[in-house]
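Below is the file final_1.pdb, which contains PDB, C-alpha atoms, pLDDT in the B column.
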ATOM      1  CA  MET A 570      -8.097 -45.168 -14.510  1.00 54.00           C
ATOM      2  CA  GLU A 571      -8.014 -41.600 -13.292  1.00 61.00           C
ATOM      3  CA  THR A 572      -4.820 -39.620 -13.331  1.00 64.00           C
ATOM      4  CA  SER A 573      -4.233 -36.611 -11.178  1.00 66.00           C
ATOM      5  CA  LYS A 574      -2.502 -33.570 -12.560  1.00 70.00           C
ATOM      6  CA  SER A 575       0.774 -32.716 -10.872  1.00 69.00           C
ATOM      7  CA  TYR A 576       1.829 -29.095 -10.555  1.00 74.00           C
ATOM      8  CA  VAL A 577       5.449 -29.841  -9.708  1.00 75.00           C
ATOM      9  CA  VAL A 578       7.704 -28.058 -12.167  1.00 75.00           C
ATOM     10  CA  SER A 579      11.443 -28.090 -12.424  1.00 82.00           C
ATOM     11  CA  ILE A 580      13.176 -24.949 -13.615  1.00 85.00           C
ATOM     12  CA  ASN A 581      15.730 -25.369 -16.359  1.00 89.00           C
ATOM     13  CA  GLU A 582      18.719 -23.077 -16.754  1.00 92.00           C
ATOM     14  CA  SER A 583      16.990 -20.800 -19.247  1.00 94.00           C
ATOM     15  CA  ALA A 584      13.906 -20.385 -17.042  1.00 92.00           C
ATOM     16  CA  ALA A 585      16.159 -19.729 -14.040  1.00 93.00           C
ATOM     17  CA  GLY A 586      17.857 -16.964 -16.011  1.00 94.00           C
ATOM     18  CA  TYR A 587      14.490 -15.403 -16.838  1.00 95.00           C
ATOM     19  CA  LEU A 588      13.436 -15.650 -13.200  1.00 95.00           C
ATOM     20  CA  TYR A 589      16.671 -14.029 -12.055  1.00 96.00           C
ATOM     21  CA  LYS A 590      16.227 -11.160 -14.546  1.00 97.00           C
ATOM     22  CA  SER A 591      12.614 -10.748 -13.444  1.00 96.00           C
ATOM     23  CA  ALA A 592      13.730 -10.606  -9.819  1.00 96.00           C
ATOM     24  CA  SER A 593      16.318  -7.961 -10.703  1.00 96.00           C
ATOM     25  CA  TRP A 594      13.718  -5.788 -12.407  1.00 97.00           C
ATOM     26  CA  THR A 595      11.349  -6.346  -9.496  1.00 97.00           C
ATOM     27  CA  THR A 596      14.053  -5.058  -7.146  1.00 97.00           C
ATOM     28  CA  PHE A 597      14.369  -1.954  -9.319  1.00 98.00           C
ATOM     29  CA  PHE A 598      10.610  -1.314  -9.197  1.00 97.00           C
ATOM     30  CA  ALA A 599      10.515  -1.956  -5.450  1.00 97.00           C
ATOM     31  CA  VAL A 600      13.208   0.680  -4.901  1.00 98.00           C
ATOM     32  CA  LEU A 601      11.240   3.091  -7.102  1.00 97.00           C
ATOM     33  CA  GLY A 602       8.185   2.321  -4.967  1.00 96.00           C
ATOM     34  CA  TYR A 603      10.079   3.196  -1.784  1.00 98.00           C
ATOM     35  CA  ILE A 604      11.275   6.452  -3.372  1.00 98.00           C
ATOM     36  CA  ALA A 605       7.712   7.288  -4.440  1.00 97.00           C
ATOM     37  CA  ALA A 606       6.469   6.535  -0.915  1.00 97.00           C
ATOM     38  CA  ALA A 607       9.100   8.847   0.568  1.00 97.00           C
ATOM     39  CA  LEU A 608       8.089  11.602  -1.855  1.00 97.00           C
ATOM     40  CA  LEU A 609       4.421  11.055  -0.966  1.00 95.00           C
ATOM     41  CA  LEU A 610       5.236  11.326   2.728  1.00 95.00           C
ATOM     42  CA  LEU A 611       7.173  14.550   2.120  1.00 95.00           C
ATOM     43  CA  MET A 612       4.276  15.898   0.053  1.00 92.00           C
ATOM     44  CA  ALA A 613       1.834  14.926   2.792  1.00 90.00           C
ATOM     45  CA  MET A 614       3.861  16.823   5.387  1.00 90.00           C
ATOM     46  CA  PHE A 615       4.176  19.841   3.084  1.00 89.00           C
ATOM     47  CA  VAL A 616       0.452  19.936   2.307  1.00 85.00           C
ATOM     48  CA  LEU A 617      -0.519  19.417   5.936  1.00 83.00           C
ATOM     49  CA  VAL A 618       1.713  22.252   7.121  1.00 81.00           C
ATOM     50  CA  SER A 619       1.061  24.659   4.248  1.00 79.00           C
ATOM     51  CA  GLY A 620      -2.674  23.904   4.173  1.00 70.00           C
ATOM     52  CA  GLY A 621      -2.921  24.661   7.860  1.00 66.00           C
ATOM     53  CA  LEU A 622      -0.921  27.861   7.493  1.00 69.00           C
ATOM     54  CA  ILE A 623      -2.908  29.055   4.484  1.00 68.00           C
ATOM     55  CA  SER A 624      -6.222  28.530   6.250  1.00 63.00           C
ATOM     56  CA  ARG A 625      -4.882  30.238   9.384  1.00 66.00           C
ATOM     57  CA  PHE A 626      -3.656  33.383   7.605  1.00 67.00           C
ATOM     58  CA  ASN A 627      -6.284  33.657   4.877  1.00 68.00           C
ATOM     59  CA  PRO A 628      -9.828  34.051   6.238  1.00 67.00           C
ATOM     60  CA  ALA A 629     -11.412  33.330   2.845  1.00 67.00           C
ATOM     61  CA  VAL A 630      -9.745  29.921   2.720  1.00 62.00           C
ATOM     62  CA  ALA A 631     -10.685  29.237   6.340  1.00 59.00           C
ATOM     63  CA  GLN A 632     -14.369  29.661   5.415  1.00 64.00           C
ATOM     64  CA  MET A 633     -14.185  27.053   2.653  1.00 63.00           C
ATOM     65  CA  PRO A 634     -15.929  23.753   3.443  1.00 56.00           C
ATOM     66  CA  PHE A 635     -12.825  21.749   2.482  1.00 61.00           C
ATOM     67  CA  ASN A 636      -9.574  22.494   4.284  1.00 65.00           C
ATOM     68  CA  PHE A 637      -6.536  22.013   2.052  1.00 67.00           C
ATOM     69  CA  ALA A 638      -4.627  20.419   4.927  1.00 70.00           C
ATOM     70  CA  TRP A 639      -6.812  17.313   4.565  1.00 75.00           C
ATOM     71  CA  LEU A 640      -5.296  16.654   1.163  1.00 79.00           C
ATOM     72  CA  GLY A 641      -2.146  15.665   3.028  1.00 82.00           C
ATOM     73  CA  VAL A 642      -4.084  13.040   4.944  1.00 85.00           C
ATOM     74  CA  ILE A 643      -5.057  11.408   1.641  1.00 87.00           C
ATOM     75  CA  TYR A 644      -1.386  10.934   0.753  1.00 90.00           C
ATOM     76  CA  LEU A 645      -0.625   8.933   3.922  1.00 92.00           C
ATOM     77  CA  PRO A 646      -2.566   5.718   3.107  1.00 92.00           C
ATOM     78  CA  ILE A 647      -1.336   5.885  -0.475  1.00 92.00           C
ATOM     79  CA  ALA A 648       2.254   6.051   0.788  1.00 95.00           C
ATOM     80  CA  ALA A 649       1.539   3.120   3.127  1.00 95.00           C
ATOM     81  CA  LEU A 650       0.219   1.128   0.150  1.00 94.00           C
ATOM     82  CA  TYR A 651       3.393   1.905  -1.804  1.00 95.00           C
ATOM     83  CA  ILE A 652       5.541   0.761   1.126  1.00 97.00           C
ATOM     84  CA  TRP A 653       3.516  -2.438   1.541  1.00 95.00           C
ATOM     85  CA  THR A 654       3.585  -3.393  -2.142  1.00 95.00           C
ATOM     86  CA  SER A 655       7.263  -2.471  -2.482  1.00 97.00           C
ATOM     87  CA  THR A 656       8.083  -4.672   0.509  1.00 97.00           C
ATOM     88  CA  LEU A 657       6.241  -7.590  -1.104  1.00 96.00           C
ATOM     89  CA  MET A 658       8.064  -7.041  -4.401  1.00 96.00           C
ATOM     90  CA  LEU A 659      11.415  -6.853  -2.643  1.00 97.00           C
ATOM     91  CA  GLY A 660      10.525 -10.024  -0.721  1.00 96.00           C
ATOM     92  CA  PHE A 661       9.814 -11.842  -3.975  1.00 97.00           C
ATOM     93  CA  ALA A 662      13.009 -10.596  -5.608  1.00 97.00           C
ATOM     94  CA  SER A 663      15.361 -11.391  -2.736  1.00 96.00           C
ATOM     95  CA  LYS A 664      13.836 -14.817  -2.057  1.00 96.00           C
ATOM     96  CA  ALA A 665      13.823 -15.745  -5.761  1.00 96.00           C
ATOM     97  CA  LYS A 666      17.487 -14.788  -6.158  1.00 96.00           C
ATOM     98  CA  GLN A 667      18.412 -16.659  -2.978  1.00 95.00           C
ATOM     99  CA  ALA A 668      16.422 -19.722  -4.086  1.00 94.00           C
ATOM    100  CA  LEU A 669      18.214 -19.789  -7.431  1.00 94.00           C
ATOM    101  CA  LYS A 670      21.591 -19.345  -5.746  1.00 94.00           C
ATOM    102  CA  ASP A 671      20.983 -22.100  -3.170  1.00 94.00           C
ATOM    103  CA  ASN A 672      18.778 -24.318  -5.374  1.00 91.00           C
ATOM    104  CA  ASP A 673      16.187 -24.202  -2.564  1.00 91.00           C
ATOM    105  CA  ASP A 674      12.635 -25.332  -3.393  1.00 89.00           C
ATOM    106  CA  ASP A 675      11.159 -23.958  -0.150  1.00 92.00           C
ATOM    107  CA  MET A 676      12.652 -20.527  -0.811  1.00 94.00           C
ATOM    108  CA  ILE A 677      11.257 -20.452  -4.347  1.00 93.00           C
ATOM    109  CA  GLU A 678       7.843 -21.296  -2.889  1.00 93.00           C
ATOM    110  CA  GLN A 679       8.146 -18.385  -0.443  1.00 95.00           C
ATOM    111  CA  SER A 680       9.163 -16.044  -3.259  1.00 95.00           C
ATOM    112  CA  PHE A 681       6.135 -16.979  -5.363  1.00 94.00           C
ATOM    113  CA  LYS A 682       3.927 -16.544  -2.292  1.00 96.00           C
ATOM    114  CA  LYS A 683       5.196 -12.945  -2.021  1.00 96.00           C
ATOM    115  CA  MET A 684       4.507 -12.396  -5.716  1.00 96.00           C
ATOM    116  CA  LYS A 685       0.985 -13.812  -5.336  1.00 97.00           C
ATOM    117  CA  GLN A 686       0.343 -11.430  -2.421  1.00 96.00           C
ATOM    118  CA  PHE A 687       1.615  -8.473  -4.445  1.00 95.00           C
ATOM    119  CA  LEU A 688      -0.496  -9.372  -7.475  1.00 96.00           C
ATOM    120  CA  THR A 689      -3.590  -9.866  -5.288  1.00 96.00           C
ATOM    121  CA  ILE A 690      -3.167  -6.423  -3.729  1.00 95.00           C
ATOM    122  CA  PHE A 691      -2.443  -4.886  -7.128  1.00 93.00           C
ATOM    123  CA  GLY A 692      -5.548  -6.544  -8.574  1.00 96.00           C
ATOM    124  CA  VAL A 693      -7.783  -5.298  -5.748  1.00 96.00           C
ATOM    125  CA  MET A 694      -6.358  -1.774  -6.141  1.00 93.00           C
ATOM    126  CA  THR A 695      -6.981  -1.913  -9.893  1.00 95.00           C
ATOM    127  CA  ILE A 696     -10.594  -3.006  -9.390  1.00 97.00           C
ATOM    128  CA  ALA A 697     -11.101  -0.246  -6.795  1.00 95.00           C
ATOM    129  CA  LEU A 698      -9.700   2.374  -9.187  1.00 94.00           C
ATOM    130  CA  LEU A 699     -11.888   1.129 -12.038  1.00 97.00           C
ATOM    131  CA  VAL A 700     -14.965   1.404  -9.809  1.00 97.00           C
ATOM    132  CA  LEU A 701     -13.867   4.889  -8.730  1.00 95.00           C
ATOM    133  CA  TYR A 702     -13.368   5.919 -12.371  1.00 96.00           C
ATOM    134  CA  PHE A 703     -16.808   4.564 -13.244  1.00 96.00           C
ATOM    135  CA  PHE A 704     -18.473   6.641 -10.517  1.00 95.00           C
ATOM    136  CA  MET A 705     -16.437   9.711 -11.488  1.00 95.00           C
ATOM    137  CA  ILE A 706     -17.584   9.371 -15.109  1.00 95.00           C
ATOM    138  CA  ILE A 707     -21.206   8.991 -13.977  1.00 94.00           C
ATOM    139  CA  ALA A 708     -20.834  12.065 -11.730  1.00 91.00           C
ATOM    140  CA  MET A 709     -19.378  14.080 -14.621  1.00 91.00           C
ATOM    141  CA  ILE A 710     -22.194  13.022 -16.936  1.00 91.00           C
ATOM    142  CA  VAL A 711     -24.845  13.875 -14.332  1.00 89.00           C
ATOM    143  CA  GLY A 712     -23.091  17.171 -13.573  1.00 84.00           C
ATOM    144  CA  SER A 713     -22.881  18.156 -17.210  1.00 86.00           C
ATOM    145  CA  ILE A 714     -26.518  17.232 -17.846  1.00 83.00           C
ATOM    146  CA  SER A 715     -27.684  19.208 -14.829  1.00 80.00           C
ATOM    147  CA  GLY A 716     -25.444  22.108 -15.886  1.00 73.00           C
ATOM    148  CA  MET A 717     -27.007  22.155 -19.353  1.00 67.00           C
ATOM    149  CA  SER A 718     -30.494  22.602 -17.924  1.00 63.00           C
ATOM    150  CA  GLY A 719     -29.484  25.867 -16.192  1.00 57.00           C
ATOM    151  CA  PRO A 720     -29.667  29.359 -17.699  1.00 60.00           C
ATOM    152  CA  MET A 721     -27.386  30.080 -20.625  1.00 56.00           C
ATOM    153  CA  ILE A 722     -25.505  33.374 -20.360  1.00 57.00           C
TER     154      ILE A 722
END
What do you get writing this file as structure tokens?
Amino acid sequence: METSKSYVVSINESAAGYLYKSASWTTFFAVLGYIAAALLLLMAMFVLVSGGLISRFNPAVAQMPFNFAWLGVIYLPIAALYIWTSTLMLGFASKAKQALKDNDDDMIEQSFKKMKQFLTIFGVMTIALLVLYFFMIIAMIVGSISGMSGPMI
């Protein structure tokens, strides 16, 4: 006789307390994420404006292959990522608290769905950063090796 494994779990009072505390801390981190996104957007505007002004008034900077104003463009998708992940965290926190308050199984499911989405995005970002770090380390090694073969002064 084959038995199937059931994934239905009931939450006792202690686990509900832990979940509520976790949701409270998640709210805190979501708010910090929104603040960081706002600061990134302000920095992006500052760098875009100042980078454009510097290259306009300084001919040496204008001749450089990389315009400093483009650094501001890099901040925009990062800020969007912060907003997106903070919204998912806030969604988890608010739905988890509401589910505990109303004893609502559907709401708790929605809250865990938000947490799964956040963790998936966070995992993909972590993998992307690790790959970027790997290529940066390789580039530094290649650069230092090629620099050692040049003339020594």
Once the PyMOL selection byres ((chain A and resi 657) around 8) has been evaluated on this model, what residues remain selected, and can you format them as number ranges by chain? A: 653-656, 658-661, 683-684, 686-687
As a check of understanding, name the residues that the PyMOL selection byres ((chain A and resi 595-603) around 6) selects in the supplied structure, as a count of residues only. 12
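Atom pair atom CA of Ala648 of chain A / atom CA of Ala607 of chain A: separated by 7.4 Å.
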Determine the nearest neighbour of Ala665 of chain A from the options A:Met705, A:Val578, A:Ala585, A:Val711, counting all atoms listed in the file. A:Ala585
Enclosing box along x, y and z for every listed atom of segment 610-619 of chain A, padded 4 Å each side, centre and size in Å, one decimal, as lines of an AutoDock Vina configuration file:
center_x = 3.3
center_y = 18.0
center_z = 3.6
size_x = 15.7
size_y = 21.3
size_z = 15.1
Just to confirm, what's the straight-line distance from atom CA of Lys664 of chain A to atom CA of Tyr587 of chain A in Å (one decimal)?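 Atom-to-atom, atom CA of Lys664 of chain A to atom CA of Tyr587 of chain A, that is 14.8 Å.
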If we count all atoms listed in the file, what is near Ala638 of chain A at a cut-off of 8 Å, once residues fewer than 2 positions away on the same chain are taken out, given as a PyMOL selection string? chain A and resi 616-621+636+640-642
Length of the atom CA of Leu610 of chain A to atom CA of Leu645 of chain A vector [Å]: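 Atom-to-atom, atom CA of Leu610 of chain A and atom CA of Leu645 of chain A are spaced 6.4 Å apart.
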